[in-house]
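Visitor: Have a look at this one.
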Amino acid sequence: MSRLVRATGALILTGALVVPLAPAASAYAPTDTPVGEAAFTLTLLHGNDPESALLHASADPDFGGAARYTTLLDQLRDSENAGTEAGDGESAHRGVVAVNSGDLYLPGPEFAASREEGAPFYDAIATSHAEYDAISMGNHEFDFGPDVYAEFIGALPESTPVVAANVDVSGEAALAALEAEGRIAPSTVAEVEGERIGIVGALYPPLASITSPRDVVVDEVVGPVQAEVDRLTAEDVDKIILISHLQNITYEERVAKELTGVDAMVAGGGHEVMANPDDALVPGDEVTVHPGSGEPLSYPLVVDNADGDAVPIVTAGSNYKYVGRLVLNFDAAGDLLTVGDRSGPVRVSGTGDDAVEPHPEVEAQVTKPVTDYVAELAETEVARSEVALDGTQNPGVRTQETNLGSLMADALLDTGRRNADEYGVPEPRIGIQNGGGIRNASVIPAGPLTVLDTYSVAPFANQVAVVPEIPRGQIKELLERGVASAPAADGGFMQVAGVNFAYDPERTAQVVTEDGEVTTPGERVRNAILHDGTVIVEDGEVVDGDAISVVTNDFSAAGGDMYPFRDADFTVVGSTYQGALERFLTGTLDGRISAEDYPEGGAGRIVIGEKATVPSGGDDGGDDTDPTEPPASPSPSPSPSPSPTDGPTGGPTDGPGSGKPGSPDDGKGGTLPVTGGALTSLIVAAVLAIGAGGGALYLSRKRRSATGTGEIGG
């Protein structure tokens, strides 16, 4: 395969750069094409991470949305096939392939519309209208377990295969049946104007650390992908695209460097925005800075593979905001000569000179019913509170215990305990919710709480995760991390369940590195008592005893906010943190938040001083609480856990410092509207929550069930 140079203006490569080592060109390619000139131009139209952002971009309703995206994709497909915008160095013999590299849906209000009784799979309808030649698996496809994913694939047209070379679905009956039908395969071959285009898929290997694949097994990337590329090459497929969902661009780079025979890669999972100086971006977006070089990511990113051949890597943001257009010029031997100068992201706009009209069928079949559903969330009551719930930030959930913080931590603990047996983990005894993950930034007045309120409190796609058997010394380190910045506001300030503790902000604060290594042990936590009366810290010293399981969200478990879990194994237990909150309100609390259990100012779970508040019923050392019953004062306890990763990136991109949209450290700050107000404000909050990627498993009492997926349908 020849080395690639990006074409600028009339620049094309000369014959000296063409090495005729690839298999013979298709019989349909011109046989008299001069050496060094393009014999075939392939336009690769691509998307990634639409993540159920079906209505529009979160920050601006004039951009994004599945209906506009579909129109733009159709327009680009037509113009590229016709060559109306063809540039210098392109061939008259041309064709188009369209792909998507995964995360086609995501827990949240828009996705939940599909879980209503009798509702279609709206994300599958939108995907079907895109008419992709292939799609990759993403991690979020497994957030509700393999059976829901199988349902999604079954709703797609048979002409849209799911490709994944390093994934074994044989342990899951529904997915295995789709594989037997050819709906899931390591690769596919698209026939384009007489040319055969191989499309190979790959998925993030430590998948189980960030979602719920159950018995789906994911292998390492390079070996299985290379084997599939070699198989296609042996069958005279001389143009090969890899569509992969590896969570961030540095992982994609590393894989590209180790492979041979791949002509281009479409990346997913990292939400990176690649662009060149003249490319128009959606308002609020910025070009992502490469984590290694510190330079903005141009489109494409070019990497030398194991043979020294250049491979362009592309990605196109997320949330239906861009269609990527990669123009690839091949010679008669099937070698990649140049990347067309027209290549780049094309934004999905509903305003200005580049505006497109929504696709009428997608508008009718997807946009309207999902819009109506989201509006109904503002009117769906899940509980009534006897007390105002404090979600303010400073002072508030980032500086001190609040009753809303305790409610959120109790919900995690409740779900961790409820689902422990199903997921084979010990019942957690402590629950931790980082204050930065509570996002309503307001006081919710006493009175009714709606589903939409739960999204404003817990908008991210964070999953409930149990970290089993944490040594007591490390439990103290976690508590120290939670108060290390006090009295300053910090997203890492923790709200807790299952434990009461006292701390002295005048004492030495913990110092920890980004990978969770404690360099200065904190001396602030003076006393800590579990709600069964077990003392774990006394006079600032750890009391010997058994390890303790913790429940938290997967962001914190993976080291977010520099919580020192230090790569401890954790298990996602079948619920988003929003879903846990809603389930706790409607089920365990039976729709009633009492002033006794959640008093204004907090119940004394976290106090300044030398002695922790003695938990109710805990002075005899016996555990007289039932995690399925409403809490009496300090309540149940959950368990967090960081995600193990063997991938080149050192961890999932939802971990610390990811900056991934929707993650607590995305750097955008900002707040959601005050909840409990007028319907209009609630609908605005819903739209923002959608963009943040919030997730729920329970959105109404009409919801249908899905087996083996924890909170779904419970």
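By order of appearance in the structure tokens: chains A, B, ..., then residues from 1 within every chain, and ligands from 1 in the order shown.
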Any idea what's packed within 10 Å of Gly416 of chain A, counting only C-alpha atoms, ignoring anything in its chain fewer than 5 positions away? Could you give it as a ChimeraX atom specification?

Guide: /A:410-411,421,423,425-431,464-467,549-552,571-575,580,627,636-640

Visitor: Which of these, A:Ser442, A:Thr160, A:Thr415, A:Ser101, has the shortest distance to Ser136 of chain A once you count only C-alpha atoms?

Guide: A:Ser101

Visitor: With a distance cut-off of 7 Å and only C-alpha atoms, select the neighbouring residues of segment 203-217 of chain A, excluding the residue or stretch itself and same-chain residues fewer than 3 positions from it, and output the selection as a PDB file with N, CA and C atoms, in the first residue's frame.

Guide:
```pdb
ATOM      1  N   MET A 137     -20.533  -1.761  16.669  1.00  0.00           N
ATOM      2  CA  MET A 137     -21.056  -1.794  18.031  1.00  0.00           C
ATOM      3  C   MET A 137     -20.431  -0.659  18.837  1.00  0.00           C
ATOM      4  N   GLY A 138     -21.209  -0.106  19.779  1.00  0.00           N
ATOM      5  CA  GLY A 138     -20.692   0.861  20.736  1.00  0.00           C
ATOM      6  C   GLY A 138     -20.920   0.373  22.146  1.00  0.00           C
ATOM      7  N   ASN A 139     -20.300   0.990  23.111  1.00  0.00           N
ATOM      8  CA  ASN A 139     -20.488   0.545  24.490  1.00  0.00           C
ATOM      9  C   ASN A 139     -21.898   0.820  25.005  1.00  0.00           C
ATOM     10  N   HIS A 140     -22.492   1.951  24.613  1.00  0.00           N
ATOM     11  CA  HIS A 140     -23.813   2.286  25.155  1.00  0.00           C
ATOM     12  C   HIS A 140     -24.917   1.378  24.629  1.00  0.00           C
ATOM     13  N   PHE A 142     -24.979  -1.577  25.030  1.00  0.00           N
ATOM     14  CA  PHE A 142     -25.132  -2.623  26.040  1.00  0.00           C
ATOM     15  C   PHE A 142     -25.590  -2.082  27.392  1.00  0.00           C
ATOM     16  N   ASP A 143     -25.916  -0.792  27.466  1.00  0.00           N
ATOM     17  CA  ASP A 143     -26.294  -0.221  28.761  1.00  0.00           C
ATOM     18  C   ASP A 143     -27.538  -0.884  29.343  1.00  0.00           C
ATOM     19  N   PHE A 144     -28.424  -1.382  28.499  1.00  0.00           N
ATOM     20  CA  PHE A 144     -29.621  -2.075  28.962  1.00  0.00           C
ATOM     21  C   PHE A 144     -29.513  -3.581  28.777  1.00  0.00           C
ATOM     22  N   GLY A 145     -28.306  -4.045  28.481  1.00  0.00           N
ATOM     23  CA  GLY A 145     -28.077  -5.468  28.343  1.00  0.00           C
ATOM     24  C   GLY A 145     -28.218  -5.954  26.910  1.00  0.00           C
ATOM     25  N   PRO A 146     -27.757  -7.168  26.629  1.00  0.00           N
ATOM     26  CA  PRO A 146     -27.733  -7.711  25.268  1.00  0.00           C
ATOM     27  C   PRO A 146     -29.108  -7.904  24.635  1.00  0.00           C
ATOM     28  N   ALA A 164     -18.199  -6.374  13.890  1.00  0.00           N
ATOM     29  CA  ALA A 164     -17.353  -6.383  15.081  1.00  0.00           C
ATOM     30  C   ALA A 164     -16.456  -7.610  15.021  1.00  0.00           C
ATOM     31  N   ASN A 166     -13.802  -8.348  16.853  1.00  0.00           N
ATOM     32  CA  ASN A 166     -13.227  -8.822  18.116  1.00  0.00           C
ATOM     33  C   ASN A 166     -14.287  -9.114  19.170  1.00  0.00           C
ATOM     34  N   VAL A 167     -15.522  -9.366  18.746  1.00  0.00           N
ATOM     35  CA  VAL A 167     -16.622  -9.587  19.683  1.00  0.00           C
ATOM     36  C   VAL A 167     -17.225 -10.968  19.460  1.00  0.00           C
ATOM     37  N   ASP A 168     -17.394 -11.709  20.558  1.00  0.00           N
ATOM     38  CA  ASP A 168     -18.010 -13.033  20.532  1.00  0.00           C
ATOM     39  C   ASP A 168     -19.369 -12.936  21.218  1.00  0.00           C
ATOM     40  N   VAL A 169     -20.453 -13.088  20.449  1.00  0.00           N
ATOM     41  CA  VAL A 169     -21.799 -12.976  21.003  1.00  0.00           C
ATOM     42  C   VAL A 169     -22.444 -14.342  21.221  1.00  0.00           C
ATOM     43  N   GLY A 171     -22.468 -16.366  23.566  1.00  0.00           N
ATOM     44  CA  GLY A 171     -23.024 -16.601  24.895  1.00  0.00           C
ATOM     45  C   GLY A 171     -24.355 -15.936  25.137  1.00  0.00           C
ATOM     46  N   GLU A 172     -24.837 -15.151  24.184  1.00  0.00           N
ATOM     47  CA  GLU A 172     -26.119 -14.472  24.322  1.00  0.00           C
ATOM     48  C   GLU A 172     -27.039 -14.924  23.196  1.00  0.00           C
ATOM     49  N   GLU A 220      -8.990  -8.573  22.439  1.00  0.00           N
ATOM     50  CA  GLU A 220      -8.154  -7.430  22.080  1.00  0.00           C
ATOM     51  C   GLU A 220      -8.404  -7.071  20.617  1.00  0.00           C
ATOM     52  N   SER A 244     -14.428   1.605  14.179  1.00  0.00           N
ATOM     53  CA  SER A 244     -14.117   1.115  15.525  1.00  0.00           C
ATOM     54  C   SER A 244     -14.660   2.056  16.583  1.00  0.00           C
ATOM     55  N   HIS A 245     -14.969   1.468  17.722  1.00  0.00           N
ATOM     56  CA  HIS A 245     -15.492   2.236  18.858  1.00  0.00           C
ATOM     57  C   HIS A 245     -14.580   1.954  20.046  1.00  0.00           C
ATOM     58  N   LEU A 246     -13.470   2.682  20.101  1.00  0.00           N
ATOM     59  CA  LEU A 246     -12.412   2.398  21.080  1.00  0.00           C
ATOM     60  C   LEU A 246     -12.287   3.466  22.152  1.00  0.00           C
ATOM     61  N   GLN A 247     -13.233   4.386  22.199  1.00  0.00           N
ATOM     62  CA  GLN A 247     -13.388   5.333  23.298  1.00  0.00           C
ATOM     63  C   GLN A 247     -12.543   6.594  23.229  1.00  0.00           C
ATOM     64  N   PHE A 570     -14.634  -3.009  39.309  1.00  0.00           N
ATOM     65  CA  PHE A 570     -15.996  -2.659  39.666  1.00  0.00           C
ATOM     66  C   PHE A 570     -16.957  -3.281  38.668  1.00  0.00           C
ATOM     67  N   THR A 571     -18.211  -3.382  39.069  1.00  0.00           N
ATOM     68  CA  THR A 571     -19.242  -3.982  38.234  1.00  0.00           C
ATOM     69  C   THR A 571     -20.409  -3.019  38.095  1.00  0.00           C
ATOM     70  N   VAL A 572     -20.773  -2.726  36.858  1.00  0.00           N
ATOM     71  CA  VAL A 572     -21.971  -1.940  36.584  1.00  0.00           C
ATOM     72  C   VAL A 572     -23.177  -2.839  36.815  1.00  0.00           C
ATOM     73  N   GLY A 574     -26.633  -2.512  36.189  1.00  0.00           N
ATOM     74  CA  GLY A 574     -27.895  -2.491  35.470  1.00  0.00           C
ATOM     75  C   GLY A 574     -28.769  -1.276  35.635  1.00  0.00           C
ATOM     76  N   SER A 643     -12.630   1.364  36.811  1.00  0.00           N
ATOM     77  CA  SER A 643     -12.699   0.328  35.811  1.00  0.00           C
ATOM     78  C   SER A 643     -11.335  -0.163  35.420  1.00  0.00           C
ATOM     79  N   PRO A 644     -11.127  -1.494  35.442  1.00  0.00           N
ATOM     80  CA  PRO A 644      -9.869  -2.026  34.954  1.00  0.00           C
ATOM     81  C   PRO A 644      -9.790  -1.838  33.462  1.00  0.00           C
ATOM     82  N   THR A 645      -8.630  -1.588  32.952  1.00  0.00           N
ATOM     83  CA  THR A 645      -8.511  -1.442  31.505  1.00  0.00           C
ATOM     84  C   THR A 645      -7.184  -1.952  31.019  1.00  0.00           C
ATOM     85  N   ASP A 646      -7.267  -2.778  29.995  1.00  0.00           N
ATOM     86  CA  ASP A 646      -6.060  -3.248  29.340  1.00  0.00           C
ATOM     87  C   ASP A 646      -5.827  -2.497  28.053  1.00  0.00           C
ATOM     88  N   GLY A 647      -6.676  -1.519  27.782  1.00  0.00           N
ATOM     89  CA  GLY A 647      -6.556  -0.769  26.541  1.00  0.00           C
ATOM     90  C   GLY A 647      -5.438   0.232  26.590  1.00  0.00           C
TER      91      GLY A 647
END
```

Visitor: Write down as a PDB file with N, CA and C atoms, in the first residue's frame the residues of segment 41-202 of chain A whose backbone DSSP state falls under strand (DSSP E).

Guide:
```
ATOM      1  N   THR A  41     -12.592   7.134  -6.946  1.00  0.00           N
ATOM      2  CA  THR A  41     -12.744   8.031  -5.797  1.00  0.00           C
ATOM      3  C   THR A  41     -13.889   7.530  -4.937  1.00  0.00           C
ATOM      4  N   LEU A  42     -13.565   7.212  -3.704  1.00  0.00           N
ATOM      5  CA  LEU A  42     -14.561   6.761  -2.734  1.00  0.00           C
ATOM      6  C   LEU A  42     -14.798   7.870  -1.722  1.00  0.00           C
ATOM      7  N   THR A  43     -16.038   8.311  -1.585  1.00  0.00           N
ATOM      8  CA  THR A  43     -16.392   9.236  -0.505  1.00  0.00           C
ATOM      9  C   THR A  43     -16.968   8.428   0.644  1.00  0.00           C
ATOM     10  N   LEU A  44     -16.313   8.527   1.779  1.00  0.00           N
ATOM     11  CA  LEU A  44     -16.760   7.850   2.995  1.00  0.00           C
ATOM     12  C   LEU A  44     -17.550   8.856   3.829  1.00  0.00           C
ATOM     13  N   LEU A  45     -18.859   8.695   3.892  1.00  0.00           N
ATOM     14  CA  LEU A  45     -19.712   9.522   4.747  1.00  0.00           C
ATOM     15  C   LEU A  45     -19.882   8.796   6.071  1.00  0.00           C
ATOM     16  N   HIS A  46     -19.629   9.492   7.140  1.00  0.00           N
ATOM     17  CA  HIS A  46     -19.591   8.780   8.426  1.00  0.00           C
ATOM     18  C   HIS A  46     -20.160   9.614   9.563  1.00  0.00           C
ATOM     19  N   GLY A  47     -20.693   8.888  10.551  1.00  0.00           N
ATOM     20  CA  GLY A  47     -21.152   9.475  11.804  1.00  0.00           C
ATOM     21  C   GLY A  47     -20.702   8.601  12.952  1.00  0.00           C
ATOM     22  N   ARG A  94     -16.567   6.869  -9.469  1.00  0.00           N
ATOM     23  CA  ARG A  94     -16.665   7.245  -8.063  1.00  0.00           C
ATOM     24  C   ARG A  94     -17.849   6.549  -7.401  1.00  0.00           C
ATOM     25  N   GLY A  95     -17.834   6.540  -6.079  1.00  0.00           N
ATOM     26  CA  GLY A  95     -18.924   5.935  -5.326  1.00  0.00           C
ATOM     27  C   GLY A  95     -18.908   6.401  -3.885  1.00  0.00           C
ATOM     28  N   VAL A  96     -19.923   5.988  -3.126  1.00  0.00           N
ATOM     29  CA  VAL A  96     -20.116   6.449  -1.745  1.00  0.00           C
ATOM     30  C   VAL A  96     -20.386   5.251  -0.844  1.00  0.00           C
ATOM     31  N   VAL A  97     -19.779   5.268   0.333  1.00  0.00           N
ATOM     32  CA  VAL A  97     -20.106   4.335   1.403  1.00  0.00           C
ATOM     33  C   VAL A  97     -20.443   5.158   2.637  1.00  0.00           C
ATOM     34  N   ALA A  98     -21.506   4.771   3.367  1.00  0.00           N
ATOM     35  CA  ALA A  98     -21.908   5.466   4.595  1.00  0.00           C
ATOM     36  C   ALA A  98     -21.833   4.498   5.768  1.00  0.00           C
ATOM     37  N   VAL A  99     -21.212   4.944   6.874  1.00  0.00           N
ATOM     38  CA  VAL A  99     -21.022   4.091   8.048  1.00  0.00           C
ATOM     39  C   VAL A  99     -21.264   4.894   9.321  1.00  0.00           C
ATOM     40  N   ASN A 100     -21.479   4.169  10.405  1.00  0.00           N
ATOM     41  CA  ASN A 100     -21.552   4.796  11.728  1.00  0.00           C
ATOM     42  C   ASN A 100     -20.807   3.914  12.707  1.00  0.00           C
ATOM     43  N   ALA A 134     -22.839  -0.097   6.870  1.00  0.00           N
ATOM     44  CA  ALA A 134     -22.441  -0.895   8.032  1.00  0.00           C
ATOM     45  C   ALA A 134     -22.404   0.008   9.248  1.00  0.00           C
ATOM     46  N   ILE A 135     -22.605  -0.585  10.415  1.00  0.00           N
ATOM     47  CA  ILE A 135     -22.448   0.132  11.673  1.00  0.00           C
ATOM     48  C   ILE A 135     -21.614  -0.720  12.622  1.00  0.00           C
ATOM     49  N   SER A 136     -20.923  -0.041  13.510  1.00  0.00           N
ATOM     50  CA  SER A 136     -20.122  -0.721  14.524  1.00  0.00           C
ATOM     51  C   SER A 136     -20.923  -0.839  15.818  1.00  0.00           C
ATOM     52  N   VAL A 162     -24.211  -5.170  11.350  1.00  0.00           N
ATOM     53  CA  VAL A 162     -23.409  -4.721  12.490  1.00  0.00           C
ATOM     54  C   VAL A 162     -22.096  -5.483  12.441  1.00  0.00           C
ATOM     55  N   VAL A 163     -20.969  -4.768  12.381  1.00  0.00           N
ATOM     56  CA  VAL A 163     -19.677  -5.433  12.219  1.00  0.00           C
ATOM     57  C   VAL A 163     -18.826  -5.283  13.473  1.00  0.00           C
ATOM     58  N   VAL A 167     -15.522  -9.366  18.746  1.00  0.00           N
ATOM     59  CA  VAL A 167     -16.622  -9.587  19.683  1.00  0.00           C
ATOM     60  C   VAL A 167     -17.225 -10.968  19.460  1.00  0.00           C
ATOM     61  N   ASP A 168     -17.394 -11.709  20.558  1.00  0.00           N
ATOM     62  CA  ASP A 168     -18.010 -13.033  20.532  1.00  0.00           C
ATOM     63  C   ASP A 168     -19.369 -12.936  21.218  1.00  0.00           C
ATOM     64  N   ILE A 184     -25.045  -9.796  12.304  1.00  0.00           N
ATOM     65  CA  ILE A 184     -23.824  -9.436  13.030  1.00  0.00           C
ATOM     66  C   ILE A 184     -22.694 -10.243  12.407  1.00  0.00           C
ATOM     67  N   ALA A 185     -21.594  -9.593  12.080  1.00  0.00           N
ATOM     68  CA  ALA A 185     -20.480 -10.285  11.428  1.00  0.00           C
ATOM     69  C   ALA A 185     -19.181  -9.533  11.715  1.00  0.00           C
ATOM     70  N   SER A 187     -17.130  -8.537   9.516  1.00  0.00           N
ATOM     71  CA  SER A 187     -16.963  -7.529   8.469  1.00  0.00           C
ATOM     72  C   SER A 187     -18.070  -7.689   7.445  1.00  0.00           C
ATOM     73  N   THR A 188     -18.117  -6.762   6.516  1.00  0.00           N
ATOM     74  CA  THR A 188     -19.020  -6.866   5.379  1.00  0.00           C
ATOM     75  C   THR A 188     -18.309  -6.292   4.168  1.00  0.00           C
ATOM     76  N   VAL A 189     -18.826  -6.585   2.988  1.00  0.00           N
ATOM     77  CA  VAL A 189     -18.272  -6.031   1.755  1.00  0.00           C
ATOM     78  C   VAL A 189     -19.378  -5.278   1.032  1.00  0.00           C
ATOM     79  N   ALA A 190     -19.160  -3.990   0.808  1.00  0.00           N
ATOM     80  CA  ALA A 190     -20.118  -3.168   0.079  1.00  0.00           C
ATOM     81  C   ALA A 190     -19.711  -3.103  -1.389  1.00  0.00           C
ATOM     82  N   GLU A 191     -20.646  -3.388  -2.278  1.00  0.00           N
ATOM     83  CA  GLU A 191     -20.406  -3.304  -3.719  1.00  0.00           C
ATOM     84  C   GLU A 191     -20.761  -1.884  -4.168  1.00  0.00           C
ATOM     85  N   VAL A 192     -19.776  -1.138  -4.635  1.00  0.00           N
ATOM     86  CA  VAL A 192     -19.963   0.270  -5.004  1.00  0.00           C
ATOM     87  C   VAL A 192     -19.423   0.496  -6.407  1.00  0.00           C
ATOM     88  N   GLU A 195     -16.819  -1.719  -7.500  1.00  0.00           N
ATOM     89  CA  GLU A 195     -15.699  -1.849  -6.555  1.00  0.00           C
ATOM     90  C   GLU A 195     -16.187  -2.549  -5.290  1.00  0.00           C
ATOM     91  N   ARG A 196     -15.317  -3.324  -4.673  1.00  0.00           N
ATOM     92  CA  ARG A 196     -15.647  -4.029  -3.430  1.00  0.00           C
ATOM     93  C   ARG A 196     -14.938  -3.339  -2.273  1.00  0.00           C
ATOM     94  N   ILE A 197     -15.737  -2.811  -1.340  1.00  0.00           N
ATOM     95  CA  ILE A 197     -15.204  -2.077  -0.195  1.00  0.00           C
ATOM     96  C   ILE A 197     -15.412  -2.924   1.055  1.00  0.00           C
ATOM     97  N   GLY A 198     -14.329  -3.366   1.678  1.00  0.00           N
ATOM     98  CA  GLY A 198     -14.423  -4.120   2.916  1.00  0.00           C
ATOM     99  C   GLY A 198     -14.580  -3.189   4.103  1.00  0.00           C
ATOM    100  N   ILE A 199     -15.491  -3.529   5.014  1.00  0.00           N
ATOM    101  CA  ILE A 199     -15.721  -2.732   6.222  1.00  0.00           C
ATOM    102  C   ILE A 199     -15.625  -3.666   7.419  1.00  0.00           C
ATOM    103  N   VAL A 200     -14.625  -3.442   8.253  1.00  0.00           N
ATOM    104  CA  VAL A 200     -14.362  -4.272   9.431  1.00  0.00           C
ATOM    105  C   VAL A 200     -14.715  -3.465  10.676  1.00  0.00           C
ATOM    106  N   GLY A 201     -15.250  -4.127  11.702  1.00  0.00           N
ATOM    107  CA  GLY A 201     -15.618  -3.447  12.938  1.00  0.00           C
ATOM    108  C   GLY A 201     -14.755  -3.866  14.104  1.00  0.00           C
ATOM    109  N   ALA A 202     -14.690  -3.008  15.130  1.00  0.00           N
ATOM    110  CA  ALA A 202     -13.963  -3.332  16.364  1.00  0.00           C
ATOM    111  C   ALA A 202     -14.595  -2.575  17.528  1.00  0.00           C
TER     112      ALA A 202
END
```

Visitor: I'd like to know which of A:Leu259, A:Ile536, A:Ala112, A:Ala165 is closest to Asp219 of chain A, using only C-alpha atoms.

Guide: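 Among the listed residues, the smallest separation from Asp219 of chain A belongs to A:Ala165.
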
Visitor: Could you tell me how far atom CA of Met494 of chain A lies from atom CA of Ala558 of chain A, in Å and to one decimal?

Guide: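 Straight-line distance from atom CA of Met494 of chain A to atom CA of Ala558 of chain A works out to 15.2 Å.
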
Visitor: Out of A:Arg566, A:Arg347, A:Arg384, A:Arg398, which residue has the shortest atom-to-atom distance to Ile593 of chain A when counting only C-alpha atoms?

Guide: A:Arg384
